[in-house]
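Undergrad: Here's a structure for you.
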Amino acid sequence: MQTTTLSVRPMTAPDVALISDYWCTASNDFLRGMGAEPAKMPTRDNWHQMLHTQLETPMLEKKSWCMIWLVNNVPAGHCNINKIIPGKEAYMHLHLWQSDGRQKGMGAKLVAMTIPYFFENYSLQELYCEPYALNDAPNRTLAKVGFKLVRQEVTTPGILNFEQEVNLWKITKAEMERIGYSSKH
């Protein structure tokens, strides 16, 4: 039996192509299933430009910050925050790139490994996530790792989304610490 090793790290320049590929090769049905509007997808060049800008921007000035999820030391997904207010809050997004990596419990473990980095690097007090209410996987994952459901509402959660019902989830710094999540592992 093979052991699966999970780890996380900040995005680097070689990851830009991987994230761009994830978005640019996704089917319209897959995008809609996560609440994204295919017609709003940036081009590959736009993805590259946005992600390289993120890498070049000083930490506390970033509009978005991305962590890469690794399975057996191979990039397998990403988790990023945006709507960042340093010292206060940010909004998180989670993406496993390959369908064979989903629904195996890895997502919850990777989220648990990732969120301390967001809290520590931005001195956050609260971390939110608002997945499409009809996308079961992230909603189950968030509940599993200790996020609390705040409310369900109809909104357009981001520039890539259509209007939809979302579940707004939240975890505080105190809750994360009580659970025992740490980037020091």
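Residues are named by chain letter and number: chains run A, B, ... in the order of the structure tokens, numbers start at 1 in each chain, and ligands are numbered from 1 in the order shown.
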Go through segment 19-108 of chain A and collect every residue that DSSP, computed from the backbone, puts in strand (DSSP E or B); the answer should be as a PyMOL selection string.
TA: chain A and resi 36+64-71+74-85+89-96
Undergrad: DSSP on the backbone: what in chain A comes out alpha helix (DSSP H), as JSON, numbers by chain?
TA: {"A": [15, 16, 17, 18, 19, 20, 21, 22, 23, 24, 25, 28, 29, 30, 31, 32, 33, 44, 45, 46, 47, 48, 49, 50, 51, 52, 53, 54, 55, 56, 106, 107, 108, 109, 110, 111, 112, 113, 114, 115, 116, 117, 118, 119, 120, 121, 122, 136, 137, 138, 139, 140, 141, 142, 143, 144, 173, 174, 175, 176, 177, 178, 179]}
Undergrad: May I have the residues within 8 Å of Glu165 of chain A as a list in words, using only C-alpha atoms and disregarding those fewer than 6 positions away in the same chain?
TA: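 Contacts, in chain order: Tyr132, Ala133, Leu134, Gln152, Glu153, Val154 and Thr155 of chain A.
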Undergrad: Could you please take those selected residues and save C-alpha atoms as an mmCIF file, in the first residue's frame?
TA:
data_model
loop_
_atom_site.group_PDB
_atom_site.id
_atom_site.type_symbol
_atom_site.label_atom_id
_atom_site.label_comp_id
_atom_site.auth_asym_id
_atom_site.auth_seq_id
_atom_site.Cartn_x
_atom_site.Cartn_y
_atom_site.Cartn_z
ATOM 1 C CA TYR A 132 -21.744 27.794 -4.703
ATOM 2 C CA ALA A 133 -24.465 26.217 -2.552
ATOM 3 C CA LEU A 134 -25.016 23.453 -5.140
ATOM 4 C CA GLN A 152 -27.007 31.270 2.713
ATOM 5 C CA GLU A 153 -27.626 34.099 0.262
ATOM 6 C CA VAL A 154 -28.055 34.910 -3.408
ATOM 7 C CA THR A 155 -25.180 36.976 -4.771
#
Undergrad: What's the 12 Å shell around segment 69-77 of chain A, counting only C-alpha atoms, without same-chain residues fewer than 6 positions away, as a CSV table (one decimal) with C-alpha atoms, in the first residue's frame?
TA:
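Contents of the output file out31.csv:
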chain,number,residue,atom,x,y,z
A,2,GLN,CA,1.4,3.4,-1.1
A,3,THR,CA,1.4,6.3,1.4
A,4,THR,CA,0.2,9.6,0.1
A,5,THR,CA,2.1,12.6,1.2
A,6,LEU,CA,0.3,16.0,1.3
A,7,SER,CA,2.0,19.4,1.6
A,8,VAL,CA,1.5,23.0,0.7
A,9,ARG,CA,3.7,25.9,-0.3
A,10,PRO,CA,3.3,29.4,-1.8
A,11,MET,CA,2.8,29.7,-5.5
A,12,THR,CA,6.0,30.1,-7.6
A,14,PRO,CA,6.3,27.5,-12.7
A,15,ASP,CA,2.9,27.2,-11.1
A,16,VAL,CA,1.4,29.9,-13.2
A,17,ALA,CA,1.1,27.6,-16.3
A,18,LEU,CA,-0.5,24.9,-14.1
A,19,ILE,CA,-3.2,27.3,-12.7
A,20,SER,CA,-3.8,28.8,-16.1
A,21,ASP,CA,-4.2,25.3,-17.6
A,22,TYR,CA,-6.7,24.4,-14.9
A,23,TRP,CA,-9.0,27.3,-15.8
A,93,HIS,CA,-11.1,29.6,-2.8
A,94,LEU,CA,-10.2,26.0,-3.1
A,95,HIS,CA,-9.4,23.9,-6.2
A,96,LEU,CA,-8.2,20.4,-6.7
A,97,TRP,CA,-7.2,20.2,-10.3
A,98,GLN,CA,-7.8,16.5,-11.2
A,99,SER,CA,-11.1,14.7,-10.7
A,100,ASP,CA,-9.2,11.6,-9.4
A,101,GLY,CA,-8.0,13.6,-6.4
A,102,ARG,CA,-11.4,14.7,-5.3
A,106,MET,CA,-7.4,15.1,0.7
A,107,GLY,CA,-9.1,18.4,0.2
A,108,ALA,CA,-9.9,18.7,3.9
A,109,LYS,CA,-6.4,17.9,4.9
A,110,LEU,CA,-4.9,20.4,2.4
A,111,VAL,CA,-7.3,23.1,3.6
A,112,ALA,CA,-6.3,22.5,7.2
A,113,MET,CA,-2.7,22.7,6.2
A,114,THR,CA,-3.2,25.9,4.2
A,115,ILE,CA,-5.3,28.2,6.4
Undergrad: Find the residues around Thr172 of chain A up to 6 Å (only C-alpha atoms counted), leave out those fewer than 2 positions away in its own chain, and share them as an NGL selection string.
TA: :A and (125-126 or 174-175)
Undergrad: Considering only C-alpha atoms, state which residue in the set A:Trp169, A:Phe162, A:Tyr122, A:Tyr181 is at the smallest distance from Lys40 of chain A.
TA: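 Residue with the minimum atom-to-atom distance to Lys40 of chain A: A:Phe162.
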Undergrad: Got a sec: who's within 10 Å of Arg32 of chain A, counting only C-alpha atoms, leaving out chain neighbours fewer than 5 positions off, as a list of chain:residue names?
TA: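 My list of contacting residues is A:Ala26, A:Ser27, A:Glu37, A:Pro38, A:Tyr132, A:Asn135, A:Asn161, A:Phe162.
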Undergrad: Take atom CA of Asn139 of chain A and atom CA of Met50 of chain A and report the distance between them in Å, one decimal.
TA: 27.1 Å
Undergrad: Just want the 8 Å neighbourhood of Cys66 of chain A, counted on only C-alpha atoms, with same-chain residues fewer than 2 positions away dropped. Output as a ChimeraX atom specification.
TA: /A:10-11,64,68,78-81
Undergrad: Write out the residues from the selection above, keeping N, CA and C atoms, as an mmCIF file, in the first residue's frame.
TA:
data_model
loop_
_atom_site.group_PDB
_atom_site.id
_atom_site.type_symbol
_atom_site.label_atom_id
_atom_site.label_comp_id
_atom_site.auth_asym_id
_atom_site.auth_seq_id
_atom_site.Cartn_x
_atom_site.Cartn_y
_atom_site.Cartn_z
ATOM 1 N N PRO A 10 3.724 28.256 -0.994
ATOM 2 C CA PRO A 10 3.285 29.398 -1.796
ATOM 3 C C PRO A 10 3.508 29.155 -3.290
ATOM 4 N N MET A 11 2.676 29.786 -4.094
ATOM 5 C CA MET A 11 2.798 29.693 -5.547
ATOM 6 C C MET A 11 4.147 30.257 -5.993
ATOM 7 N N SER A 64 -4.535 39.176 -4.241
ATOM 8 C CA SER A 64 -4.787 37.746 -4.097
ATOM 9 C C SER A 64 -3.461 37.086 -3.749
ATOM 10 N N ILE A 68 -0.071 26.511 -3.201
ATOM 11 C CA ILE A 68 -0.159 25.331 -4.065
ATOM 12 C C ILE A 68 -0.278 24.096 -3.185
ATOM 13 N N HIS A 78 -4.768 24.296 -5.952
ATOM 14 C CA HIS A 78 -4.381 25.562 -5.344
ATOM 15 C C HIS A 78 -5.499 26.082 -4.455
ATOM 16 N N CYS A 79 -5.101 26.929 -3.538
ATOM 17 C CA CYS A 79 -6.024 27.574 -2.611
ATOM 18 C C CYS A 79 -5.550 29.014 -2.509
ATOM 19 N N ASN A 80 -6.447 29.940 -2.780
ATOM 20 C CA ASN A 80 -6.039 31.332 -2.733
ATOM 21 C C ASN A 80 -7.016 32.154 -1.912
ATOM 22 N N ILE A 81 -6.543 33.323 -1.519
ATOM 23 C CA ILE A 81 -7.415 34.287 -0.854
ATOM 24 C C ILE A 81 -7.450 35.551 -1.694
#
